[in-house]
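Colleague: As input, take target20.txt (compact mmCIF, C-alpha atoms and all ligand atoms):
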# COMPACT_ATOMS: atom_id res chain seq x y z
CA MET A 1 0.23 -15.91 -20.24
CA THR A 2 3.83 -16.84 -20.86
CA ASP A 3 6.38 -16.66 -18.03
CA TYR A 4 8.11 -13.97 -20.01
CA GLU A 5 5.01 -11.78 -20.12
CA LYS A 6 4.27 -12.28 -16.44
CA THR A 7 7.82 -11.47 -15.35
CA GLU A 8 8.05 -8.42 -17.56
CA LEU A 9 4.65 -7.10 -16.57
CA VAL A 10 5.34 -7.51 -12.85
CA ASN A 11 8.71 -5.81 -13.37
CA ALA A 12 7.04 -2.94 -15.16
CA PHE A 13 4.56 -2.36 -12.32
CA TYR A 14 7.39 -2.25 -9.77
CA GLN A 15 9.31 0.07 -12.02
CA LEU A 16 6.32 2.39 -12.49
CA ARG A 17 6.05 2.69 -8.72
CA SER A 18 9.64 3.81 -8.35
CA GLY A 19 11.05 7.25 -9.13
CA ALA A 20 8.26 9.63 -10.14
CA ASP A 21 5.81 6.89 -9.06
CA MET A 22 3.20 6.88 -11.79
CA ILE A 23 1.01 4.36 -9.94
CA THR A 24 0.61 6.65 -6.94
CA ASP A 25 0.07 9.65 -9.20
CA MET A 26 -2.76 7.87 -10.99
CA ALA A 27 -4.29 6.60 -7.76
CA ASN A 28 -4.21 10.08 -6.24
CA PHE A 29 -5.73 11.64 -9.33
CA HIS A 30 -8.47 9.01 -9.42
CA MET A 31 -9.14 9.65 -5.72
CA ASP A 32 -9.10 13.45 -6.00
CA TYR A 33 -11.64 13.54 -8.84
CA PHE A 34 -13.59 10.39 -8.04
CA ASN A 35 -16.92 12.08 -7.39
CA MET A 36 -17.03 15.55 -5.92
CA ASP A 37 -20.76 16.24 -6.24
CA ASN A 38 -21.11 16.45 -2.53
CA ILE A 39 -18.50 19.17 -2.20
CA ASP A 40 -18.96 21.04 -5.46
CA ALA A 41 -21.65 19.99 -7.92
CA ASN A 42 -19.91 21.85 -10.76
CA GLN A 43 -16.64 20.02 -10.31
CA MET A 44 -15.79 17.50 -13.04
CA ASP A 45 -15.94 13.92 -11.82
CA ILE A 46 -14.49 10.67 -13.13
CA HIS A 47 -17.21 8.47 -11.65
CA PHE A 48 -20.97 8.32 -11.11
CA ASN A 49 -22.10 11.16 -13.36
CA LEU A 50 -24.87 9.14 -14.96
CA PRO A 51 -27.80 8.91 -15.18
CA ASN A 52 -28.54 12.57 -14.44
CA GLU A 53 -25.34 14.41 -15.44
CA GLN A 54 -24.72 13.31 -19.03
CA ASP A 55 -22.86 16.54 -19.66
CA LYS A 56 -20.18 15.50 -17.16
CA GLU A 57 -19.90 11.86 -18.20
CA ILE A 58 -16.41 10.49 -18.93
CA PHE A 59 -16.28 7.09 -17.16
CA LEU A 60 -15.44 4.72 -20.04
CA VAL A 61 -13.36 7.11 -22.08
CA TRP A 62 -11.35 8.42 -19.12
CA HIS A 63 -10.34 4.92 -18.07
CA ARG A 64 -9.49 4.11 -21.69
CA MET A 65 -6.98 6.97 -21.68
CA LEU A 66 -5.63 5.94 -18.29
CA MET A 67 -4.97 2.42 -19.64
CA PHE A 68 -3.31 3.93 -22.69
CA GLU A 69 -1.12 6.20 -20.58
CA THR A 70 -0.09 3.21 -18.46
CA GLU A 71 0.58 0.99 -21.45
CA GLN A 72 2.70 3.65 -23.14
CA ALA A 73 4.79 3.92 -19.98
CA MET A 74 5.17 0.13 -19.92
CA GLN A 75 6.18 0.02 -23.56
CA ALA A 76 8.89 2.58 -22.82
CA ILE A 77 10.25 -0.08 -20.43
CA ASN A 78 9.67 -3.00 -22.81
CA PRO A 79 8.05 -2.41 -26.23
CA LYS A 80 6.63 -5.96 -26.21
CA LEU A 81 4.46 -5.25 -23.19
CA SER A 82 0.77 -4.61 -23.22
CA ILE A 83 -1.76 -4.77 -20.41
CA PRO A 84 -3.59 -8.10 -20.53
CA TYR A 85 -7.27 -8.13 -19.62
CA TRP A 86 -8.78 -10.04 -16.72
CA ASP A 87 -12.07 -11.56 -17.83
CA SER A 88 -13.65 -11.59 -14.39
CA SER A 89 -16.71 -13.47 -15.67
CA ALA A 90 -14.52 -16.47 -16.61
CA ASP A 91 -11.43 -16.29 -14.35
CA ARG A 92 -13.31 -16.34 -11.07
CA LEU A 93 -11.31 -18.32 -8.52
CA GLU A 94 -8.95 -17.03 -5.89
CA THR A 95 -6.78 -20.04 -6.73
CA SER A 96 -6.38 -18.76 -10.30
CA PRO A 97 -2.81 -18.28 -11.62
CA LEU A 98 -3.78 -14.60 -11.80
CA TRP A 99 -3.29 -14.31 -8.03
CA GLU A 100 -0.12 -16.37 -7.70
CA GLU A 101 3.03 -14.99 -6.19
CA ASP A 102 4.77 -14.66 -9.57
CA PHE A 103 1.96 -12.44 -10.83
CA MET A 104 -0.66 -10.25 -9.11
CA GLY A 105 0.02 -11.97 -5.79
CA SER A 106 3.42 -10.31 -5.71
CA PHE A 107 1.93 -6.93 -4.78
CA GLU A 108 -0.41 -8.02 -1.99
CA ASP A 109 2.10 -7.75 0.85
CA ASN A 110 4.69 -5.56 -0.80
CA TRP A 111 2.20 -2.78 -1.41
CA SER A 112 -0.18 -3.54 1.48
CA LEU A 113 -3.24 -3.94 -0.75
CA ASN A 114 -5.40 -5.81 1.80
CA ARG A 115 -7.29 -7.83 -0.79
CA ASN A 116 -10.08 -9.93 0.65
CA PHE A 117 -11.53 -12.00 -2.18
CA GLY A 118 -15.30 -12.20 -2.26
CA HIS A 119 -15.65 -10.03 0.81
CA ASP A 120 -17.55 -7.08 -0.61
CA GLY A 121 -19.38 -8.51 -3.57
CA LEU A 122 -19.70 -10.86 -6.50
CA LEU A 123 -18.04 -11.16 -9.88
CA PRO A 124 -20.23 -10.77 -12.97
CA SER A 125 -21.67 -13.87 -14.64
CA PRO A 126 -21.03 -14.43 -18.37
CA GLN A 127 -24.79 -14.04 -18.86
CA SER A 128 -24.85 -10.62 -17.20
CA ILE A 129 -22.20 -9.46 -19.65
CA THR A 130 -24.03 -10.90 -22.66
CA ASN A 131 -27.17 -9.13 -21.49
CA MET A 132 -25.38 -5.85 -20.93
CA LEU A 133 -23.95 -5.91 -24.45
CA GLN A 134 -27.54 -5.96 -25.81
CA MET A 135 -28.35 -2.56 -24.33
CA SER A 136 -28.84 0.02 -27.07
CA ASP A 137 -28.58 3.49 -25.58
CA PHE A 138 -24.98 4.52 -24.93
CA PHE A 139 -25.61 6.43 -21.71
CA GLU A 140 -27.82 3.67 -20.31
CA PHE A 141 -25.19 1.12 -21.23
CA SER A 142 -22.41 3.17 -19.66
CA ASN A 143 -24.40 3.82 -16.49
CA PHE A 144 -25.36 0.16 -16.06
CA PHE A 145 -21.80 -0.94 -16.82
CA GLU A 146 -20.25 1.39 -14.27
CA ARG A 147 -22.58 0.64 -11.41
CA GLN A 148 -23.29 -3.05 -11.90
CA LEU A 149 -21.18 -6.17 -11.58
CA PRO A 150 -19.39 -6.06 -14.97
CA HIS A 151 -17.39 -3.11 -13.62
CA SER A 152 -18.08 -2.62 -9.93
CA GLY A 153 -18.15 -6.37 -9.21
CA ALA A 154 -14.43 -6.87 -9.71
CA HIS A 155 -13.65 -3.85 -7.53
CA ARG A 156 -15.81 -5.23 -4.77
CA TRP A 157 -14.84 -8.88 -5.09
CA VAL A 158 -11.11 -8.10 -4.86
CA SER A 159 -11.77 -5.65 -2.00
CA GLY A 160 -8.96 -3.86 -0.12
CA ALA A 161 -7.52 -1.01 -2.18
CA MET A 162 -9.74 -2.04 -5.11
CA VAL A 163 -12.92 -1.12 -3.25
CA THR A 164 -11.67 2.42 -2.50
CA SER A 165 -11.30 5.50 -4.70
CA ALA A 166 -7.54 4.81 -4.69
CA SER A 167 -8.14 1.56 -6.61
CA PRO A 168 -5.37 2.27 -9.21
CA ARG A 169 -2.96 1.30 -6.40
CA ASP A 170 -3.73 -2.35 -7.09
CA PRO A 171 -2.14 -3.55 -10.36
CA VAL A 172 -5.18 -5.72 -11.02
CA PHE A 173 -7.08 -2.45 -11.49
CA TYR A 174 -5.32 -2.15 -14.86
CA LEU A 175 -6.11 -5.74 -15.86
CA HIS A 176 -9.72 -5.12 -14.85
CA HIS A 177 -10.06 -1.84 -16.70
CA THR A 178 -8.61 -3.24 -19.92
CA PHE A 179 -11.40 -5.83 -19.68
CA VAL A 180 -13.92 -3.02 -19.19
CA ASP A 181 -12.39 -1.33 -22.21
CA LYS A 182 -12.57 -4.51 -24.28
CA LEU A 183 -16.27 -4.87 -23.42
CA TRP A 184 -16.88 -1.29 -24.50
CA HIS A 185 -15.10 -2.14 -27.76
CA ASP A 186 -17.31 -5.25 -28.15
CA TRP A 187 -20.39 -3.09 -27.60
CA GLU A 188 -19.12 -0.59 -30.18
CA GLU A 189 -18.83 -3.36 -32.78
CA THR A 190 -22.58 -3.92 -32.78
CA HIS A 191 -24.04 -0.50 -31.97
CA ASP A 192 -24.03 3.08 -33.18
CA ALA A 193 -20.90 4.99 -32.26
CA SER A 194 -20.68 6.08 -28.65
CA PHE A 195 -20.71 9.83 -28.17
CA TYR A 196 -19.87 12.26 -25.41
CA LEU A 197 -21.39 15.65 -24.80
CA ARG A 198 -18.01 16.86 -23.55
CA THR A 199 -15.05 17.67 -25.74
CA ASP A 200 -12.59 17.72 -22.85
CA MET A 201 -11.51 15.44 -20.04
CA LEU A 202 -9.84 15.56 -16.67
CA ARG A 203 -6.07 14.91 -16.68
CA TYR A 204 -6.00 14.84 -20.52
CA ASP A 205 -6.81 18.53 -20.90
CA GLY A 206 -3.40 19.53 -22.22
CA THR A 207 -2.24 21.06 -18.94
CA TYR A 208 -1.51 18.13 -16.62
CA VAL A 209 2.18 17.52 -16.07
CA PHE A 210 3.57 14.21 -14.84
CA ASP A 211 7.30 13.67 -14.43
CA GLY A 212 8.14 16.74 -16.52
CA GLU A 213 5.88 15.79 -19.41
CA THR A 214 2.63 17.51 -20.30
CA LEU A 215 -0.06 14.97 -21.08
CA PRO A 216 -1.91 15.47 -24.38
CA LEU A 217 -5.26 17.15 -24.85
CA VAL A 218 -7.78 14.45 -25.76
CA ASN A 219 -11.31 14.97 -27.04
CA PRO A 220 -13.34 12.01 -25.69
CA ASN A 221 -15.09 11.64 -29.05
CA SER A 222 -11.78 11.14 -30.85
CA ILE A 223 -11.13 7.82 -29.07
CA VAL A 224 -14.53 6.12 -28.87
CA ASP A 225 -13.04 3.57 -31.27
CA SER A 226 -10.11 1.87 -29.53
CA ARG A 227 -8.32 1.60 -32.89
CA ALA A 228 -7.72 5.35 -32.65
CA LEU A 229 -5.10 4.45 -30.04
CA GLY A 230 -3.81 1.46 -31.99
CA VAL A 231 -5.39 -0.91 -29.47
CA PHE A 232 -6.71 -4.31 -30.60
CA TYR A 233 -7.97 -6.94 -28.17
CA ALA A 234 -7.15 -10.56 -28.85
CA GLU A 235 -9.70 -13.28 -28.14
CA ASN A 236 -9.62 -17.07 -28.45
CA GLY A 237 -5.96 -17.06 -29.45
CA LEU A 238 -6.44 -14.60 -32.29
CA ALA A 239 -5.63 -10.90 -32.64
CA THR A 240 -7.55 -9.42 -35.55
CA LEU A 241 -6.06 -6.18 -36.81
CA ASP A 242 -8.43 -4.36 -39.15
CA ASN A 243 -9.60 -0.91 -40.24
CA TYR A 244 -6.42 0.78 -39.16
CA ILE A 245 -3.94 3.10 -40.78
CA VAL A 246 -0.46 3.15 -39.30
CA SER A 247 0.38 6.78 -38.59
CA ASN A 248 3.17 6.68 -35.97
CA THR A 249 1.19 9.29 -34.04
CA HIS A 250 2.14 7.81 -30.71
CA LEU A 251 5.36 5.93 -31.41
CA PRO A 252 8.08 6.18 -34.06
CA GLU A 253 7.76 2.45 -34.67
CA GLU A 254 4.42 0.79 -34.07
CA LEU A 255 4.90 -2.70 -32.75
CA PHE A 256 1.89 -5.00 -32.58
CA TYR A 257 3.19 -7.77 -30.37
CA TYR A 258 1.01 -10.75 -29.44
CA ARG A 259 1.67 -14.26 -28.28
CA PHE A 260 -1.43 -15.17 -30.32
CA THR A 261 -1.91 -15.55 -34.04
CA ILE A 262 -2.06 -12.14 -35.67
CA GLN A 263 -4.39 -11.71 -38.60
CA ALA A 264 -4.10 -8.36 -40.37
CA GLY A 265 -6.36 -7.37 -43.23
CA ASP A 266 -9.69 -5.76 -43.97
CA ASN A 267 -8.32 -2.27 -44.47
CA PHE A 268 -5.20 -2.52 -42.32
CA ILE A 269 -2.82 -0.12 -44.04
CA ALA A 270 0.87 0.43 -43.39
CA ALA A 271 0.98 3.94 -44.82
CA GLU A 272 3.78 5.61 -46.75
CA ASN A 273 6.61 6.94 -44.54
CA THR A 274 5.54 4.95 -41.50
CA THR A 275 7.29 2.17 -39.63
CA SER A 276 5.39 -0.79 -38.26
CA HIS A 277 6.01 -4.33 -37.14
CA LEU A 278 3.63 -7.22 -36.51
CA GLN A 279 5.23 -9.75 -34.22
CA SER A 280 3.73 -12.96 -32.91
CA ILE A 281 5.04 -15.92 -30.97
CA SER A 282 3.02 -18.26 -33.17
CA GLU A 283 1.82 -16.98 -36.55
CA VAL A 284 1.17 -13.87 -38.65
CA ILE A 285 -1.46 -14.04 -41.39
CA LEU A 286 -2.05 -11.26 -43.92
CA THR A 287 -5.52 -11.39 -45.44
CA PRO A 288 -7.27 -9.47 -48.25
CA GLY A 289 -7.55 -5.78 -47.44
CA PHE A 290 -4.04 -5.66 -46.02
CA LEU A 291 -1.85 -3.07 -47.72
CA ALA A 292 1.73 -2.01 -47.16
CA GLU A 293 2.06 1.14 -49.26
CA SER A 294 5.19 1.85 -51.20
CA GLY A 295 7.46 3.99 -49.07
CA SER A 296 6.31 2.27 -45.89
CA ASN A 297 8.65 0.33 -43.66
CA PHE A 298 6.67 -2.75 -42.70
CA ARG A 299 7.77 -6.04 -41.15
CA ALA A 300 6.03 -9.17 -39.95
CA SER A 301 8.00 -11.63 -37.88
CA ILE A 302 7.88 -14.53 -35.45
CA ASP A 303 9.44 -13.97 -32.06
CA ALA A 304 11.32 -17.14 -31.24
CA GLU A 305 13.61 -15.33 -28.84
CA THR A 306 11.56 -14.43 -25.81
CA THR A 307 12.07 -17.62 -23.83
CA SER A 308 15.82 -17.47 -24.13
CA LEU A 309 15.63 -13.72 -23.61
CA LEU A 310 13.94 -14.31 -20.31
CA ALA A 311 16.71 -16.64 -19.19
CA ARG A 312 19.30 -14.02 -20.13
CA ASN A 313 17.41 -11.17 -18.51
CA ASN A 314 16.90 -12.89 -15.21
CA GLN A 315 19.75 -11.09 -13.52
CA GLN A 316 18.31 -7.70 -14.43
CA GLN A 317 14.96 -8.45 -12.89
CA TYR A 318 13.62 -5.28 -11.35
CA PRO A 319 13.74 -5.57 -7.55
CA ARG A 320 10.45 -6.57 -5.91
CA GLU A 321 10.71 -3.85 -3.36
CA LYS A 322 8.39 -3.53 -0.43
CA LYS A 323 6.75 -0.16 -0.81
CA PRO A 324 3.54 -0.17 1.19
CA PHE A 325 0.92 2.53 0.82
CA ASP A 326 0.81 3.90 4.31
CA ASP A 327 -2.76 5.21 4.50
CA VAL A 328 -4.51 1.93 3.86
CA GLU A 329 -7.69 2.80 5.76
CA LEU A 330 -9.38 4.49 2.81
CA GLU A 331 -13.11 4.84 2.45
CA GLN A 332 -14.86 2.04 0.62
CA VAL A 333 -16.60 3.49 -2.40
CA TRP A 334 -17.88 0.62 -4.52
CA LEU A 335 -20.50 -0.60 -2.12
CA TRP A 336 -23.68 0.49 -3.84
CA SER A 337 -25.29 -0.88 -6.88
CA GLU A 338 -28.84 -0.77 -8.10
CA GLY A 339 -31.00 -3.83 -7.88
CA GLU A 340 -29.60 -5.17 -4.66
CA MET A 341 -31.02 -2.65 -2.25
CA ASP A 342 -34.57 -3.04 -1.21
CA ALA A 343 -36.63 -3.92 1.78
CA LYS A 344 -36.46 -7.54 2.90
CA ASP A 345 -39.99 -7.23 4.20
CA PRO A 346 -42.55 -5.98 1.64
CA ALA A 347 -44.35 -4.13 4.44
CA VAL A 348 -41.36 -1.79 4.69
CA VAL A 349 -41.84 1.00 2.18
CA MET A 350 -39.75 4.05 1.40
CA GLN A 351 -41.31 6.93 -0.47
CA THR A 352 -39.80 10.18 -1.64
CA PHE A 353 -41.77 13.40 -2.28
CA PRO A 354 -41.81 14.46 -4.96
CA ASN A 355 -39.87 11.87 -6.89
CA PRO A 356 -37.02 12.79 -7.51
CA PHE A 357 -37.41 14.34 -4.10
CA ASP A 358 -37.13 17.92 -3.13
CA ASN A 359 -37.31 17.90 0.62
CA LYS A 360 -39.03 14.86 2.07
CA ILE A 361 -38.53 11.13 2.48
CA THR A 362 -41.09 8.96 4.26
CA ILE A 363 -40.38 5.42 5.41
CA THR A 364 -43.10 3.10 6.64
CA LEU A 365 -41.93 0.15 8.73
CA ASN A 366 -43.73 -3.14 9.40
CA LYS A 367 -43.91 -2.41 13.13
CA LYS A 368 -42.75 0.14 15.68
CA LYS A 369 -39.08 -0.01 16.54
CA ASP A 370 -35.97 2.02 17.35
CA CYS A 371 -33.88 2.71 14.30
CA VAL A 372 -31.26 4.85 12.63
CA VAL A 373 -31.62 6.41 9.21
CA GLU A 374 -28.37 6.90 7.35
CA ILE A 375 -27.90 8.80 4.10
CA TYR A 376 -24.86 8.02 1.99
CA ASN A 377 -23.59 9.50 -1.22
CA LEU A 378 -22.68 7.13 -4.03
CA THR A 379 -19.07 6.99 -3.00
CA GLY A 380 -20.23 5.40 0.26
CA ALA A 381 -19.57 8.46 2.45
CA LEU A 382 -22.06 8.97 5.28
CA ILE A 383 -23.75 12.36 4.79
CA LYS A 384 -26.40 12.35 7.47
CA GLN A 385 -27.56 10.20 10.35
CA GLU A 386 -30.76 10.49 12.38
CA PHE A 387 -32.09 8.40 15.27
CA PHE A 388 -35.75 7.52 15.67
CA GLU A 389 -37.32 6.04 18.82
CA PHE A 390 -40.07 3.45 18.72
CA THR A 391 -41.82 4.47 15.54
CA ASP A 392 -43.21 2.87 12.40
CA ILE A 393 -43.44 6.07 10.34
CA ILE A 394 -40.23 7.94 9.73
CA GLU A 395 -40.32 11.34 8.14
CA ILE A 396 -37.16 13.11 7.18
CA ASN A 397 -37.94 16.67 6.24
CA ASP A 398 -34.92 18.91 6.39
CA LEU A 399 -33.20 17.76 3.23
CA TYR A 400 -32.93 21.12 1.46
CA GLY A 401 -29.24 21.22 2.34
CA LEU A 402 -28.31 18.17 0.28
CA ALA A 403 -26.74 18.90 -3.11
CA ALA A 404 -28.68 17.59 -6.11
CA GLY A 405 -27.67 14.04 -6.95
CA THR A 406 -28.14 10.43 -6.10
CA TYR A 407 -28.02 9.08 -2.56
CA VAL A 408 -28.53 5.84 -0.74
CA VAL A 409 -30.89 5.90 2.23
CA LYS A 410 -30.58 3.07 4.69
CA VAL A 411 -32.62 2.20 7.77
CA VAL A 412 -30.89 0.10 10.40
CA ASP A 413 -32.65 -1.31 13.46
CA ALA A 414 -31.31 -1.58 17.01
CA ASN A 415 -29.77 -4.99 16.22
CA GLY A 416 -27.77 -3.50 13.36
CA GLU A 417 -29.92 -5.18 10.76
CA THR A 418 -30.66 -3.22 7.58
CA LEU A 419 -34.44 -2.98 7.16
CA VAL A 420 -34.36 -1.15 3.86
CA ALA A 421 -31.74 0.47 1.66
CA LYS A 422 -32.75 2.39 -1.41
CA LYS A 423 -31.29 4.69 -3.98
CA VAL A 424 -32.99 8.05 -4.15
CA VAL A 425 -32.49 11.10 -6.35
CA LYS A 426 -32.49 14.62 -4.96
CA MET A 427 -33.52 17.25 -7.51
CU CU A 501 -12.23 4.47 -11.90
Would you mind giving the structure from this file in structure tokens?
Modeller:
Amino acid sequence: MTDYEKTELVNAFYQLRSGADMITDMANFHMDYFNMDNIDANQMDIHFNLPNEQDKEIFLVWHRMLMFETEQAMQAINPKLSIPYWDSSADRLETSPLWEEDFMGSFEDNWSLNRNFGHDGLLPSPQSITNMLQMSDFFEFSNFFERQLPHSGAHRWVSGAMVTSASPRDPVFYLHHTFVDKLWHDWEETHDASFYLRTDMLRYDGTYVFDGETLPLVNPNSIVDSRALGVFYAENGLATLDNYIVSNTHLPEELFYYRFTIQAGDNFIAAENTTSHLQSISEVILTPGFLAESGSNFRASIDAETTSLLARNNQQQYPREKKPFDDVELEQVWLWSEGEMDAKDPAVVMQTFPNPFDNKITITLNKKKDCVVEIYNLTGALIKQEFFEFTDIIEINDLYGLAAGTYVVKVVDANGETLVAKKVVKM
């Protein structure tokens, strides 16, 4: 990224945390509706609805709107801003420029984020992302994406605020979720259109008011293509703008600003009575399929000004104020993912009856010992704890009280060692 982009983006985050404090509003919203199955199974949730609650699912699309809301607020500060994506499968080191003091590092102390790189998990490998993009069923893809390293890995690897339900407190949350959004877009390019069973969404239901403005009503199915929001992800130094009709729905002038080469064509249409501007630091190329209709106000230009602009703007740099979040001891919620929880010893077996279970879980250990059985929900909250003395068969019977849903059952021995941890589904 250019120094200009870094400075302006960091400024924008500080600015969004002042006044009405959009960052805290988003973090609180994300926390309040994270996953409420344990309290009220009918409550809408942002996270962990799949695989068994397809009718409630909004994970990818909800975060897409949250990124759009954030980016719109940033563009009100500086129209040239957009949220860059952090490719956590490639940019993997804690010594990366990403974490330096002039960029994401700026917020660590000032906002008391308590990052602890690598502490709670791994980043995804490029191969795991390639594999994920081969998945064909949308709900399976979305469920895998949410729970496995391509999404949850970055939350866990960064740790601190990022591993809690208040993760939008950490600005890197936005750089991570634009990457998640880009991967969803990549998946869309090679598969049938994603679809949602819902036609409504939390926060974007036409009633939520932030800072005196009512947020729009958004049907999830209307934005399964990121172009619907005028969003195009650049890759390998190139931003390809295609299959888009400028409409000025969101802004009176649509500015497509990239430091990369912009290539617009293949049904990119600047429609009559609209105003749009393609601006690049390096190059703008118009290819066949590009059309500026008569009566449109269209410009393409090279921005040679930003470097000098930065020098001029230095004195109006937004203050890097210390504004810690005071309740930093939030629950960790990104700790579980499938495929990493099983018994270390094959003689340790956990069975559920029936499966998904109704009332009974049986655990057979390799030998008699004292142990504790803990049941967690998928947000990592401890639901139930039972102690067992010197036994190799554990039966947990009284599970009628648990709400339907997915849980993690863990058996810990007297030395604190986990003997088995397994995801189970209560019907
Ligand atoms: Cu989230």
Colleague: Once you count all atoms listed in the file, which residues end up within 9 Å of ligand CU 501 (chain A), and could you hand them over as a list of chain:residue names?
Modeller: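 Sorted by chain and then by number, the residues are A:His30, A:Met31, A:Phe34, A:Ile46, A:His47, A:Phe59, A:Leu60, A:Trp62, A:His63, A:Glu146, A:Ser165, A:Ala166, A:Ser167, A:Pro168, A:Phe173, A:His177.
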Colleague: So that I have them on file, write out the residues from the current selection with C-alpha atoms, as a PDB file, in the frame of the given file.
Modeller:
ATOM      1  CA  HIS A  30      -8.470   9.010  -9.420  1.00  0.00           C
ATOM      2  CA  MET A  31      -9.140   9.650  -5.720  1.00  0.00           C
ATOM      3  CA  PHE A  34     -13.590  10.390  -8.040  1.00  0.00           C
ATOM      4  CA  ILE A  46     -14.490  10.670 -13.130  1.00  0.00           C
ATOM      5  CA  HIS A  47     -17.210   8.470 -11.650  1.00  0.00           C
ATOM      6  CA  PHE A  59     -16.280   7.090 -17.160  1.00  0.00           C
ATOM      7  CA  LEU A  60     -15.440   4.720 -20.040  1.00  0.00           C
ATOM      8  CA  TRP A  62     -11.350   8.420 -19.120  1.00  0.00           C
ATOM      9  CA  HIS A  63     -10.340   4.920 -18.070  1.00  0.00           C
ATOM     10  CA  GLU A 146     -20.250   1.390 -14.270  1.00  0.00           C
ATOM     11  CA  SER A 165     -11.300   5.500  -4.700  1.00  0.00           C
ATOM     12  CA  ALA A 166      -7.540   4.810  -4.690  1.00  0.00           C
ATOM     13  CA  SER A 167      -8.140   1.560  -6.610  1.00  0.00           C
ATOM     14  CA  PRO A 168      -5.370   2.270  -9.210  1.00  0.00           C
ATOM     15  CA  PHE A 173      -7.080  -2.450 -11.490  1.00  0.00           C
ATOM     16  CA  HIS A 177     -10.060  -1.840 -16.700  1.00  0.00           C
TER      17      HIS A 177
END
Colleague: Please identify all polymer residues within 10 Å of Asp392 (chain A), counting all atoms listed in the file, omitting same-chain residues fewer than 5 positions from it, and present them as a ChimeraX atom specification.
Modeller: /A:348,363-371
Colleague: Between A:Glu253, A:Glu235, A:Asp326, A:Asp102, single out the one closest to Tyr85 (chain A), counting all atoms listed in the file.
Modeller: A:Glu235
Colleague: Of the residues A:Ser294, A:Ser222, A:Gln15, A:Asn267, which is the one nearest to Arg64 (chain A), using all atoms listed in the file?
Modeller: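 The answer is A:Ser222, which sits nearest to Arg64 (chain A).
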Colleague: Within 12 Å of region 180-198 of chain A, which residues of region 229-299 of chain A come that close, and what is the closest atom pair and distance in Å for each? Count all atoms listed in the file and give it as a tab-separated table.
Modeller:
residue	atom	partner	partner_atom	distance
A:Val231	CA	A:Lys182	CA	9.6
A:Phe232	CA	A:Lys182	CA	8.6
A:Tyr233	CA	A:Lys182	CA	6.5
A:Ala234	CA	A:Lys182	CA	9.3
A:Glu235	CA	A:Lys182	CA	10.0
Colleague: So how many Å separate CA of Glu108 (chain A) and CA of Thr95 (chain A), to one decimal?
Modeller: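 That distance, rounded to one decimal, is 14.4 Å.
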Colleague: List as a PyMOL selection string the protein and nucleic acid residues near Thr214 (chain A), meaning an atom at most 10 Å away when only C-alpha atoms are counted, but skip any in the same chain fewer than 6 places from it.
Modeller: chain A and resi 203-208
Colleague: Go ahead and find all residues with at least one atom no further than 10 Å from (-21.4, 5.9, -19.4) in the file's coordinates, using only C-alpha atoms; report them as a PyMOL selection string.
Modeller: chain A and resi 47-51+54+56-61+137-147+184+194-196
Colleague: Using only C-alpha atoms, give me every residue within 7 Å of (-5.7, -4.7, 2.1) in file coordinates, as a ChimeraX atom specification.
Modeller: /A:112-116,160-161,328
Colleague: Include C-alpha atoms and write out the residues we just selected as a JSON list (two decimals), in the coordinates of the input.
Modeller:
[["chain", "number", "residue", "atom", "x", "y", "z"],
["A", 112, "SER", "CA", -0.18, -3.54, 1.48],
["A", 113, "LEU", "CA", -3.24, -3.94, -0.75],
["A", 114, "ASN", "CA", -5.40, -5.81, 1.80],
["A", 115, "ARG", "CA", -7.29, -7.83, -0.79],
["A", 116, "ASN", "CA", -10.08, -9.93, 0.65],
["A", 160, "GLY", "CA", -8.96, -3.86, -0.12],
["A", 161, "ALA", "CA", -7.52, -1.01, -2.18],
["A", 328, "VAL", "CA", -4.51, 1.93, 3.86]]
Colleague: Do a neighbour search on Glu283 (chain A) at 12 Å with all atoms listed in the file, toss out local chain neighbours closer than 6 positions, and write the hits as a list of chain:residue names.
Modeller: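 Neighbouring residues, sequence-local ones excluded: A:Gly237, A:Leu238, A:Ala239, A:Tyr257, A:Tyr258, A:Arg259, A:Phe260, A:Thr261, A:Ile262, A:Gln263, A:Ala264, A:Ala300, A:Ser301, A:Ile302, A:Asp303, A:Ala304.
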Colleague: Have a look at A:Leu81, A:Ala12, A:Glu395, A:Tyr407 and name the one nearest to Tyr376 (chain A); count only C-alpha atoms.
Modeller: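 The closest residue to Tyr376 (chain A) is A:Tyr407.
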Colleague: Counting all atoms listed in the file, which residue out of A:Arg156, A:Asn110, A:Asn35, A:Leu66 sits closest to Glu53 (chain A)?
Modeller: A:Asn35
Colleague: To one decimal in Å, tell me the separation between CA of Asn397 (chain A) and CA of Pro356 (chain A).
Modeller: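 If I compute the distance from CA of Asn397 (chain A) to CA of Pro356 (chain A), I get 14.3 Å.
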Colleague: Could you tell me how far CA of Phe325 (chain A) sits from CA of Ala73 (chain A), in Å to one decimal place?
Modeller: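 CA of Phe325 (chain A) lies 21.2 Å from CA of Ala73 (chain A).
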Colleague: Taking into account only C-alpha atoms, which residue in the set A:Gly289, A:Ile77, A:Leu251, A:Val246 is nearest to Gly265 (chain A)?
Modeller: A:Gly289
Colleague: Ranking A:Tyr174, A:Tyr4, A:Phe107, A:Phe353 by minimum distance to Ala27 (chain A) and counting only C-alpha atoms, which one comes first?
Modeller: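 Counting only C-alpha atoms, the residue closest to Ala27 (chain A) is A:Tyr174.
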Colleague: Show which residues sit within 10 Å of region 117-131 of chain A, as a PyMOL selection string. Count all atoms listed in the file, and ignore same-chain residues fewer than 3 positions away.
Modeller: chain A and resi 87-94+114+134-135+145+148-160+163+183+187+332+334-336
